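Structure record follows, encoded as structure tokens.
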Amino acid sequence: MYKQITIPVKTIDIHQPMRWLVLGWRDIGRCGWVSFAHGLVLCVFGLLLMGLARNQFWLLAGAFSGFLVVAPVLATGLYALSRAVERGEKTSWRLVLHTWLSWRRHGSARDGKDWRLVQFGLLLGLAGTGWMLTSAALITLLSPVPIEKPLDFLRFVVLARDNWLFEIWLGLGGLMAAPMFASSAIALPLLLDRRVSVLQAVVTSWHTVLANPVPMAWWAALIMGFSLLGLCSALLGLIAVIPMLGHASWHAYRELVDASALPERAPHGN
């Protein structure tokens, strides 16, 4: 059992998210190619998806919806690198690999294998699947023609002048994205850093967002804006955007909560 205590949440001003981005760039400078490699891997993965599903709208939409939803999980290695930089420890692919494979090794005799990061990733994956099914149902019911290719979506949904389908679709996406952001804003860095349950990490993340609604809304907008910039640059921008946002998210966690009363999770996953 994990120690169940109330984790103190700090209040911040609206300028703090910009500071996190600056600190994220600082960490990239200290980690070098190990950071950029995260973005490069995701860029190549995205290009492969586009190549395989370029004429199949629903396959492409589903792949990228899932891709964006689990992005915080994919950035776990970046959180571990920022944690090492903070502690003056060596940063390398070995640390990243240990972080990714921590679920395979035993923790303490009491805790057994540490499945928390895997569990949280599965929860985000289920949320992404729910959004995809809801989105497909909405467009299938309200679109004037069947949507089969990306160009169909652009012509009959995005650029359509005779209905509000695109606006409804965006609104629904926002309603579903808000609780996912609130649940994951600081949950994964907290799970990586301390021995807390998934439920406690999610509740703490919600408390953080509710205590700082305007700064966290601005942070969510920055994440979305830079992510769109990366996607719209033929995915090449993701090479820099992903490590920047990943490292910045670690600093967001460090400046938003005080988890010092909780036992640490060792860098190698023990």
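Labels used: A, B, ... for chains in the order of the structure tokens, numbers from 1 for residues in each chain, and numbers from 1 for ligands as shown.
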Leaving out stretch 89-93 of chain A and any residue of its chain fewer than 6 positions from it, which residues lie within 9 Å of it when counting only C-alpha atoms, given as a compact mmCIF listing (two decimals) with C-alpha atoms, in the first residue's frame?
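Saved file selection.txt follows:
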# COMPACT_ATOMS: atom_id res chain seq x y z
CA ARG A 30 22.15 19.69 -20.77
CA CYS A 31 20.81 16.39 -22.12
CA VAL A 34 19.11 12.11 -25.76
CA GLY A 77 11.88 9.35 -20.31
CA ALA A 80 13.49 11.09 -15.81
CA LEU A 81 16.18 13.10 -17.61
CA SER A 82 15.03 16.36 -16.02
CA ARG A 83 14.98 14.68 -12.63
Counting only C-alpha atoms, which residues of stretch 215-253 of chain A sit at most 7 Å from some atom of stretch 185-209 of chain A, and what is each one's closest atom pair with its distance in Å to one decimal, listed by chain and rising residue number, as JSON lines?
{"residue": "A:Met216", "atom": "CA", "partner": "A:Val209", "partner_atom": "CA", "distance": 5.9}
{"residue": "A:Trp250", "atom": "CA", "partner": "A:Pro189", "partner_atom": "CA", "distance": 6.0}
{"residue": "A:Tyr253", "atom": "CA", "partner": "A:Ile186", "partner_atom": "CA", "distance": 5.2}
Find the residues around A:Ile147 up to 10 Å (only C-alpha atoms counted), leave out those fewer than 5 positions away in its own chain, and share them as a PDB file with C-alpha atoms, in the first residue's frame.
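Final file, result.pdb:
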ATOM      1  CA  GLN A  56      -7.973   6.291 -44.718  1.00  0.00           C
ATOM      2  CA  PHE A  57      -9.362   9.100 -42.598  1.00  0.00           C
ATOM      3  CA  TRP A  58     -10.637   7.086 -39.636  1.00  0.00           C
ATOM      4  CA  ALA A 136     -16.880   8.827 -35.197  1.00  0.00           C
ATOM      5  CA  ILE A 139     -19.540  12.746 -37.684  1.00  0.00           C
ATOM      6  CA  THR A 140     -21.247   9.645 -39.046  1.00  0.00           C
ATOM      7  CA  ASP A 152     -13.633  14.371 -47.306  1.00  0.00           C
ATOM      8  CA  PHE A 153     -13.266  15.583 -43.726  1.00  0.00           C
ATOM      9  CA  LEU A 154     -11.724  18.837 -44.920  1.00  0.00           C
ATOM     10  CA  ARG A 155     -14.432  19.493 -47.541  1.00  0.00           C
ATOM     11  CA  PHE A 156     -17.597  18.333 -45.793  1.00  0.00           C
ATOM     12  CA  VAL A 157     -16.764  19.027 -42.137  1.00  0.00           C
TER      13      VAL A 157
END
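Counting only C-alpha atoms, A:Gly174 has the following residues at most 12 Å away, ignoring those fewer than 5 positions along the same chain: A:Trp131, A:Ser135, A:Glu167, A:Ile168, A:Trp169, A:Pro179, A:Met180, A:Phe181, A:Ala217, A:Ala220, A:Ala221, A:Met224.
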Resulting file, chosen residues, C-alpha atoms, as an mmCIF file, in the first residue's frame:
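Result file is part.cif:
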data_model
loop_
_atom_site.group_PDB
_atom_site.id
_atom_site.type_symbol
_atom_site.label_atom_id
_atom_site.label_comp_id
_atom_site.auth_asym_id
_atom_site.auth_seq_id
_atom_site.Cartn_x
_atom_site.Cartn_y
_atom_site.Cartn_z
ATOM 1 C CA TRP A 131 -13.004 10.095 -27.816
ATOM 2 C CA SER A 135 -16.126 11.516 -32.618
ATOM 3 C CA GLU A 167 -17.813 23.676 -34.424
ATOM 4 C CA ILE A 168 -19.764 20.964 -32.579
ATOM 5 C CA TRP A 169 -16.891 18.527 -33.123
ATOM 6 C CA PRO A 179 -10.751 16.336 -17.841
ATOM 7 C CA MET A 180 -7.947 14.383 -19.506
ATOM 8 C CA PHE A 181 -5.629 17.370 -19.111
ATOM 9 C CA ALA A 217 -5.545 26.934 -18.851
ATOM 10 C CA ALA A 220 -2.859 23.765 -21.728
ATOM 11 C CA ALA A 221 -3.127 26.350 -24.525
ATOM 12 C CA MET A 224 -1.849 22.588 -27.696
#
DSSP alpha helix (DSSP H) selection over stretch 90-217 of chain A, as a count of residues only: 85
Would you list the contacts of A:Arg26 as a compact mmCIF listing (two decimals) with C-alpha atoms, in the first residue's frame, taking every protein, DNA or RNA residue within 10 Å and counting only C-alpha atoms, but skipping same-chain residues closer than 5 positions in sequence?
# COMPACT_ATOMS: atom_id res chain seq x y z
CA TRP A 20 8.70 26.17 -17.54
CA LEU A 21 9.36 26.36 -21.27
CA CYS A 31 20.81 16.39 -22.12
CA GLY A 32 21.60 17.03 -25.78
CA SER A 82 15.03 16.36 -16.02
CA VAL A 85 19.64 17.06 -14.25
CA MET A 244 10.72 21.01 -24.79
CA HIS A 247 11.10 18.73 -19.81
CA ALA A 248 8.84 21.73 -19.13
Counting only C-alpha atoms, the option among A:Leu245, A:Ala211, A:Val9, A:Leu159 closest to A:Gly225: A:Leu245
